[in-house]
>>> print(open('start-v3.txt').read())   # compact mmCIF, C-alpha atoms
# COMPACT_ATOMS: atom_id res chain seq x y z
CA MET D 197 -18.16 43.45 -28.80
CA ASN D 198 -20.60 43.53 -25.89
CA ARG D 199 -19.22 46.84 -24.67
CA LEU D 200 -20.70 50.05 -26.01
CA ARG D 201 -20.02 53.70 -25.37
CA LEU D 202 -23.21 55.66 -26.00
CA GLY D 203 -23.74 59.39 -26.17
CA SER D 204 -26.62 61.84 -26.37
CA PHE D 205 -26.20 65.51 -27.20
CA ASN D 206 -28.71 68.28 -27.86
CA LEU D 207 -26.63 70.06 -30.47
CA PHE D 208 -28.41 73.44 -30.23
CA SER D 209 -27.73 73.59 -33.99
CA GLY D 210 -24.01 73.72 -33.17
CA ARG D 211 -24.22 77.16 -31.59
CA SER D 212 -21.90 78.39 -28.89
CA THR D 213 -23.61 80.08 -25.96
CA ALA D 214 -20.54 82.32 -25.66
CA ASP D 215 -20.96 84.08 -29.00
CA GLY D 216 -24.15 82.62 -30.54
CA THR D 217 -22.40 81.58 -33.75
CA ILE D 218 -22.17 78.24 -35.55
CA VAL D 219 -18.59 77.42 -36.56
CA THR D 220 -18.14 74.17 -38.48
CA ASP D 221 -14.63 73.44 -37.20
CA ARG D 222 -15.76 74.01 -33.61
CA LEU D 223 -18.62 71.54 -34.11
CA THR D 224 -16.26 68.93 -35.53
CA GLU D 225 -13.78 69.32 -32.68
CA ALA D 226 -16.54 69.06 -30.10
CA ILE D 227 -17.86 65.79 -31.55
CA GLU D 228 -14.37 64.28 -31.77
CA GLN D 229 -14.05 64.75 -28.00
CA LEU D 230 -16.97 62.39 -27.37
CA ASP D 231 -15.43 59.28 -29.00
CA VAL D 232 -18.59 57.15 -28.78
CA ASP D 233 -19.81 54.05 -30.61
CA VAL D 234 -23.34 55.40 -31.02
CA LEU D 235 -24.32 59.06 -30.75
CA ALA D 236 -27.88 60.41 -30.55
CA VAL D 237 -28.11 64.07 -31.52
CA GLN D 238 -31.04 66.45 -31.28
CA GLU D 239 -31.59 69.90 -32.81
CA VAL D 240 -29.43 68.92 -35.77
CA GLU D 241 -29.70 70.72 -39.10
CA ARG D 242 -29.39 70.12 -42.82
CA ASN D 243 -29.31 72.77 -45.56
CA GLN D 244 -29.94 75.58 -43.06
CA PRO D 245 -28.41 78.96 -44.06
CA ARG D 246 -27.59 79.75 -40.41
CA SER D 247 -25.41 76.62 -40.22
CA HIS D 248 -23.78 77.31 -43.59
CA GLY D 249 -25.97 74.86 -45.53
CA ILE D 250 -24.08 71.78 -44.35
CA ASP D 251 -25.43 68.36 -43.51
CA GLN D 252 -24.53 68.30 -39.82
CA THR D 253 -25.31 64.58 -39.49
CA ALA D 254 -22.85 63.69 -42.24
CA LEU D 255 -20.27 66.01 -40.65
CA ILE D 256 -20.71 64.29 -37.26
CA ALA D 257 -20.49 60.84 -38.86
CA LYS D 258 -17.20 61.80 -40.49
CA ALA D 259 -15.84 63.19 -37.21
CA LEU D 260 -16.65 59.88 -35.47
CA ALA D 261 -15.51 57.70 -38.39
CA ALA D 262 -18.96 56.16 -38.17
CA HIS D 263 -20.16 53.11 -40.07
CA ASP D 264 -23.74 54.29 -40.56
CA HIS D 265 -26.00 57.25 -39.78
CA ARG D 266 -29.56 58.41 -40.21
CA PHE D 267 -31.05 61.92 -40.05
CA VAL D 268 -34.81 62.29 -39.54
CA ALA D 269 -36.33 65.73 -40.06
CA ALA D 270 -39.10 66.89 -37.76
CA VAL D 271 -39.45 70.26 -39.48
CA ASP D 272 -39.02 71.47 -43.05
CA GLY D 273 -37.86 75.08 -42.86
CA THR D 274 -36.34 76.87 -39.90
CA PRO D 275 -37.89 76.44 -36.43
CA GLY D 276 -38.90 79.69 -34.78
CA GLU D 277 -39.20 81.46 -38.15
CA PRO D 278 -42.34 81.87 -40.27
CA GLY D 279 -43.00 79.28 -42.93
CA TRP D 280 -41.81 76.04 -41.34
CA THR D 281 -43.99 72.98 -41.83
CA PRO D 282 -44.10 69.48 -40.33
CA SER D 283 -41.68 67.30 -42.27
CA THR D 284 -42.86 64.30 -44.22
CA GLY D 285 -39.30 63.19 -44.87
CA SER D 286 -39.38 64.21 -48.54
CA GLY D 287 -38.03 67.80 -48.43
CA GLU D 288 -34.35 66.89 -48.67
CA ASP D 289 -33.38 69.86 -50.86
CA GLY D 290 -34.63 72.55 -48.46
CA PRO D 291 -33.65 73.46 -44.91
CA GLN D 292 -34.52 70.83 -42.31
CA PHE D 293 -34.27 70.36 -38.55
CA GLY D 294 -34.56 67.17 -36.52
CA VAL D 295 -32.70 64.34 -34.83
CA ALA D 296 -30.09 61.80 -35.89
CA LEU D 297 -28.34 58.60 -34.87
CA ILE D 298 -24.73 57.99 -35.81
CA SER D 299 -23.21 54.53 -35.31
CA ARG D 300 -19.73 53.07 -35.59
CA ARG D 301 -21.35 49.63 -35.34
CA PRO D 302 -23.18 48.09 -38.30
CA VAL D 303 -26.94 48.69 -38.29
CA LEU D 304 -29.30 45.86 -39.25
CA GLU D 305 -32.55 47.89 -39.33
CA TRP D 306 -33.71 51.51 -39.12
CA HIS D 307 -37.13 52.54 -37.80
CA VAL D 308 -38.81 55.97 -37.63
CA LEU D 309 -41.72 57.24 -35.52
CA ARG D 310 -43.47 60.57 -36.10
CA MET D 311 -45.46 62.23 -33.29
CA ARG D 312 -47.89 65.11 -33.52
CA PRO D 313 -47.32 68.43 -31.72
CA ALA D 314 -49.48 70.12 -29.13
CA ARG D 315 -51.86 72.69 -30.57
CA GLY D 316 -51.48 76.37 -29.72
CA ARG D 317 -48.67 78.57 -28.46
CA PHE D 318 -46.85 77.89 -25.21
CA PRO D 319 -44.33 79.69 -22.97
CA LEU D 320 -40.71 78.56 -23.10
CA LEU D 321 -38.32 79.88 -20.45
CA ILE D 322 -34.91 80.84 -21.83
CA PRO D 323 -32.22 80.76 -19.08
CA SER D 324 -30.57 83.98 -20.21
CA ARG D 325 -29.61 86.96 -18.08
CA PRO D 326 -32.16 88.26 -17.40
CA PRO D 327 -34.38 85.20 -18.10
CA GLN D 328 -36.72 85.50 -21.08
CA VAL D 329 -40.04 83.86 -21.85
CA LEU D 330 -40.85 83.13 -25.49
CA TRP D 331 -44.29 82.11 -26.70
CA LEU D 332 -43.83 79.45 -29.37
CA SER D 333 -45.86 77.00 -31.40
CA ASP D 334 -44.97 73.41 -30.63
CA GLU D 335 -43.21 71.39 -33.32
CA PRO D 336 -43.85 67.81 -34.42
CA ARG D 337 -41.47 65.31 -32.85
CA VAL D 338 -39.73 62.25 -34.23
CA ALA D 339 -37.79 59.24 -33.02
CA VAL D 340 -35.25 57.16 -34.93
CA ALA D 341 -34.22 53.66 -33.84
CA ALA D 342 -31.24 51.60 -34.98
CA VAL D 343 -31.10 47.84 -34.40
CA LEU D 344 -27.40 47.04 -34.17
CA THR D 345 -25.99 43.84 -35.61
CA GLU D 346 -23.47 43.23 -32.82
CA PRO D 347 -24.30 43.45 -30.05
CA ARG D 348 -27.97 42.97 -30.96
CA ILE D 349 -29.54 45.94 -29.25
CA THR D 350 -31.96 48.71 -30.26
CA ILE D 351 -30.75 52.27 -29.72
CA VAL D 352 -33.31 55.06 -29.98
CA CYS D 353 -32.92 58.83 -30.31
CA THR D 354 -35.69 61.36 -29.72
CA HIS D 355 -36.37 64.95 -28.71
CA LEU D 356 -39.74 65.38 -27.04
CA SER D 357 -41.96 68.46 -26.73
CA PHE D 358 -41.27 71.29 -24.27
CA VAL D 359 -45.02 71.24 -23.48
CA PRO D 360 -45.28 68.92 -20.44
CA THR D 361 -48.59 67.26 -21.30
CA SER D 362 -47.38 66.64 -24.83
CA SER D 363 -44.00 65.22 -23.82
CA VAL D 364 -45.73 62.78 -21.45
CA ARG D 365 -48.09 61.66 -24.21
CA GLN D 366 -45.21 61.30 -26.68
CA LEU D 367 -43.12 59.23 -24.26
CA ARG D 368 -46.03 56.84 -23.77
CA THR D 369 -46.49 56.62 -27.55
CA LEU D 370 -42.78 55.94 -27.92
CA ARG D 371 -42.83 53.19 -25.29
CA HIS D 372 -45.75 51.47 -27.04
CA TRP D 373 -43.97 51.71 -30.42
CA LEU D 374 -40.76 50.26 -29.03
CA ALA D 375 -42.61 47.21 -27.74
CA GLY D 376 -42.58 46.00 -31.36
CA LEU D 377 -38.80 46.33 -31.78
CA PRO D 378 -36.05 43.94 -30.64
CA GLY D 379 -34.65 44.18 -27.13
CA PRO D 380 -32.73 45.07 -25.20
CA GLN D 381 -33.36 48.76 -25.82
CA VAL D 382 -31.73 52.04 -24.81
CA LEU D 383 -33.55 55.35 -25.25
CA LEU D 384 -31.32 58.41 -25.60
CA GLY D 385 -32.33 62.02 -25.96
CA ASP D 386 -33.69 65.28 -24.68
CA LEU D 387 -37.01 64.21 -23.21
CA ASN D 388 -37.84 67.68 -21.83
CA LEU D 389 -38.88 65.84 -18.67
CA PRO D 390 -36.96 66.48 -15.45
CA GLY D 391 -35.27 63.99 -13.19
CA ALA D 392 -37.03 60.68 -12.59
CA ALA D 393 -40.15 61.44 -14.67
CA GLY D 394 -38.92 59.32 -17.58
CA ARG D 395 -38.29 56.34 -15.32
CA ARG D 396 -41.71 56.64 -13.69
CA LEU D 397 -43.53 56.90 -17.02
CA THR D 398 -41.74 54.01 -18.72
CA GLY D 399 -40.64 51.74 -15.89
CA TRP D 400 -37.21 51.65 -17.54
CA SER D 401 -33.88 51.87 -15.75
CA PRO D 402 -31.94 55.16 -15.85
CA LEU D 403 -28.30 54.77 -16.90
CA ILE D 404 -27.40 58.24 -15.66
CA SER D 405 -28.70 60.65 -13.05
CA SER D 406 -27.14 64.09 -13.32
CA PRO D 407 -28.33 67.59 -14.31
CA THR D 408 -27.66 68.58 -17.92
CA PHE D 409 -29.36 71.97 -18.44
CA PRO D 410 -28.48 74.80 -18.70
CA ALA D 411 -24.95 73.78 -19.64
CA ALA D 412 -22.97 76.39 -17.71
CA ALA D 413 -24.63 75.66 -14.35
CA PRO D 414 -27.05 72.76 -14.83
CA ARG D 415 -30.09 72.52 -12.55
CA LEU D 416 -32.31 70.07 -14.47
CA GLN D 417 -31.77 66.70 -16.08
CA LEU D 418 -33.54 66.96 -19.42
CA ASP D 419 -31.17 64.64 -21.30
CA HIS D 420 -31.57 60.97 -20.48
CA ALA D 421 -30.45 57.41 -21.11
CA LEU D 422 -33.10 54.83 -20.19
CA ALA D 423 -32.77 51.09 -20.71
CA THR D 424 -35.07 48.07 -20.71
CA GLY D 425 -34.42 44.38 -21.14
CA LEU D 426 -30.69 44.47 -20.43
CA PRO D 427 -29.22 41.02 -19.74
CA PRO D 428 -28.76 40.17 -16.05
CA GLY D 429 -25.40 41.35 -14.78
CA SER D 430 -25.08 44.19 -17.29
CA ARG D 431 -23.17 47.19 -15.95
CA SER D 432 -23.19 50.84 -16.89
CA THR D 433 -21.37 54.02 -15.95
CA GLY D 434 -22.85 57.38 -16.86
CA ARG D 435 -21.55 60.93 -16.77
CA VAL D 436 -22.21 64.34 -18.31
CA ARG D 437 -19.72 66.56 -20.10
CA LEU D 438 -19.58 70.30 -20.63
CA MET D 439 -19.00 70.97 -24.32
CA PRO D 440 -17.67 74.00 -26.21
CA ILE D 441 -21.05 74.27 -27.98
CA SER D 442 -24.73 73.96 -26.99
CA ASP D 443 -26.85 75.00 -24.02
CA HIS D 444 -27.03 71.35 -22.88
CA ARG D 445 -24.32 69.11 -21.50
CA ALA D 446 -23.62 65.88 -23.35
CA VAL D 447 -24.58 62.55 -21.78
CA LEU D 448 -22.11 59.65 -21.98
CA VAL D 449 -22.75 56.05 -20.95
CA ASP D 450 -20.34 53.10 -20.95
CA LEU D 451 -22.51 49.99 -21.19
CA ASP D 452 -21.17 46.49 -20.61
CA LEU D 453 -23.72 43.91 -21.80
CA ILE D 454 -23.14 40.62 -20.02
CA PRO D 455 -24.61 37.77 -22.08
CA GLU D 456 -26.93 35.41 -20.29
CA ALA D 457 -25.37 32.07 -19.34
CA PRO D 458 -26.60 29.16 -21.47
CA GLU D 459 -29.06 26.75 -19.89
CA LEU D 460 -27.52 23.47 -18.73
>>> encode(input="start-v3.txt", output="C-alpha cells")
Amino acid sequence: MNRLRLGSFNLFSGRSTADGTIVTDRLTEAIEQLDVDVLAVQEVERNQPRSHGIDQTALIAKALAAHDHRFVAAVDGTPGEPGWTPSTGSGEDGPQFGVALISRRPVLEWHVLRMRPARGRFPLLIPSRPPQVLWLSDEPRVAVAAVLTEPRITIVCTHLSFVPTSSVRQLRTLRHWLAGLPGPQVLLGDLNLPGAAGRRLTGWSPLISSPTFPAAAPRLQLDHALATGLPPGSRSTGRVRLMPISDHRAVLVDLDLIPEAPEL
C-alpha cells in the first residue's frame, strides 16, 4: 500500500484543441487512460451550460472507480464571461469552475485554502496560430488537500494565477498553510510557474521535470509535482502524457514510499 500512482491534469474544461468542443464520452475515455490512485484536476466545471451541465468531478470519479472526491469552486459563474464572482463554496446550484481531487484511496481529512486574485487586468498569451493576447481579470485561486489513510500522506491540488507576482505570492501562502498539515506532502497542479521556479520558491523536491504546455508541442513546464518530507529511500518516476483533450499534457508520477526502518 506504500505505492501510489499520482496524476495532475489541467482539464481545460474537457475541451479538445482540435475542434474546441466538450464531449462527455471523450472526457471519460481520456480519464480512463490515466489509471491513477489520486488525480488532481484543474479547470474543472460543474453545472456549466458549455459542458452540458454535468458535474465533471463526479464523472471523473466514476471513470476512475474512485473511493472519494472533492470539488472546490474558485468561481461562481463562467470564467471569461461577464457576471462571474469569487466563490464562497455555497453556490452549488449554479455554474461553477475550480479544482478537484479524486482518490481511489480512503481519505481521512479534507482541507481547503482560498487565495485572493491580483487586482486589475493582465495580458494572457494564447498559443494559437497566430498567437493571441487576451486581457483578462485575474480569478481567485483555491487549493484542496486530502490526507490519505494509507499510506498516510497529504496530496494537494491547486491552480495558481497566470499573473507571475500573484502566483509567487500564492505559492508562498500555500507552503505556509501546508506546514500545518501532516507530512509527507505532494503538491500537484498547474502552478503557472515555469521550470524550476516551484522548487526554488518552496525548497521541495520535483518528482518530474518535463515540458507540459502547450500540449501539441510543449515548451514550458507549468504542471508540477513537488514533494516534501518523503521517507528516506523513497523512489519516484515521472512522465507526461499527451491526451485527446486539453491544451496541457497530463503529469503522471509513480511514487514508492519506503517506510523508515524502526530504531533498534
>>> closest_residue(input="start-v3.txt", among="D:Thr220, D:Thr398, D:Ser204, D:Ser333", to="Ser357 in chain D", atoms="all atoms listed in the file")
D:Ser333
>>> closest_residue(input="start-v3.txt", among="D:Leu260, D:Val271, D:Ala341, D:Leu426", to="Pro313 in chain D", atoms="all atoms listed in the file")
D:Val271
>>> closest_residue(input="start-v3.txt", among="D:Leu332, D:Ala257, D:Val234, D:Val295", to="Leu200 in chain D", atoms="all atoms listed in the file")
D:Val234
>>> residues_around(input="start-v3.txt", residues="Gly394 in chain D", least_positions_apart="5", cutoff="8 Å", atoms="only C-alpha atoms", output="PyMOL selection string")
chain D and resi 367+387+389+399-400+422
>>> write_last_selection(input="start-v3.txt", atoms="C-alpha atoms", output="mmCIF file, keeping the file's coordinate frame")
data_model
loop_
_atom_site.group_PDB
_atom_site.id
_atom_site.type_symbol
_atom_site.label_atom_id
_atom_site.label_comp_id
_atom_site.auth_asym_id
_atom_site.auth_seq_id
_atom_site.Cartn_x
_atom_site.Cartn_y
_atom_site.Cartn_z
ATOM 1 C CA LEU D 367 -43.120 59.230 -24.260
ATOM 2 C CA LEU D 387 -37.010 64.210 -23.210
ATOM 3 C CA LEU D 389 -38.880 65.840 -18.670
ATOM 4 C CA GLY D 399 -40.640 51.740 -15.890
ATOM 5 C CA TRP D 400 -37.210 51.650 -17.540
ATOM 6 C CA LEU D 422 -33.100 54.830 -20.190
#
>>> atom_distance(input="start-v3.txt", atom1="CA of Ala413 in chain D", atom2="CA of Pro360 in chain D")
22.6 Å
>>> decode(input="start-v3.txt", residues="range 200-230 of chain D", atoms="C-alpha atoms", output="mmCIF file, in the first residue's frame")
data_model
loop_
_atom_site.group_PDB
_atom_site.id
_atom_site.type_symbol
_atom_site.label_atom_id
_atom_site.label_comp_id
_atom_site.auth_asym_id
_atom_site.auth_seq_id
_atom_site.Cartn_x
_atom_site.Cartn_y
_atom_site.Cartn_z
ATOM 1 C CA LEU D 200 0.922 5.359 -5.321
ATOM 2 C CA ARG D 201 0.297 6.446 -8.875
ATOM 3 C CA LEU D 202 -0.468 10.157 -8.894
ATOM 4 C CA GLY D 203 -1.721 12.336 -11.711
ATOM 5 C CA SER D 204 -2.286 16.014 -12.417
ATOM 6 C CA PHE D 205 -4.260 17.301 -15.372
ATOM 7 C CA ASN D 206 -5.404 20.790 -16.361
ATOM 8 C CA LEU D 207 -8.685 19.693 -17.872
ATOM 9 C CA PHE D 208 -9.275 22.830 -19.981
ATOM 10 C CA SER D 209 -12.954 22.197 -19.147
ATOM 11 C CA GLY D 210 -12.712 18.972 -21.163
ATOM 12 C CA ARG D 211 -12.265 20.775 -24.471
ATOM 13 C CA SER D 212 -10.416 19.350 -27.426
ATOM 14 C CA THR D 213 -7.956 21.720 -29.069
ATOM 15 C CA ALA D 214 -8.778 20.027 -32.385
ATOM 16 C CA ASP D 215 -12.416 21.128 -32.538
ATOM 17 C CA GLY D 216 -12.979 23.245 -29.400
ATOM 18 C CA THR D 217 -15.909 21.136 -28.220
ATOM 19 C CA ILE D 218 -16.606 19.356 -24.936
ATOM 20 C CA VAL D 219 -17.778 15.772 -25.486
ATOM 21 C CA THR D 220 -18.640 13.839 -22.329
ATOM 22 C CA ASP D 221 -17.672 10.410 -23.697
ATOM 23 C CA ARG D 222 -14.327 11.766 -24.881
ATOM 24 C CA LEU D 223 -13.642 13.170 -21.404
ATOM 25 C CA THR D 224 -14.488 9.834 -19.785
ATOM 26 C CA GLU D 225 -12.259 7.883 -22.166
ATOM 27 C CA ALA D 226 -9.375 10.280 -21.597
ATOM 28 C CA ILE D 227 -9.559 9.915 -17.807
ATOM 29 C CA GLU D 228 -9.759 6.119 -18.009
ATOM 30 C CA GLN D 229 -6.400 6.142 -19.820
ATOM 31 C CA LEU D 230 -4.686 7.671 -16.773
#
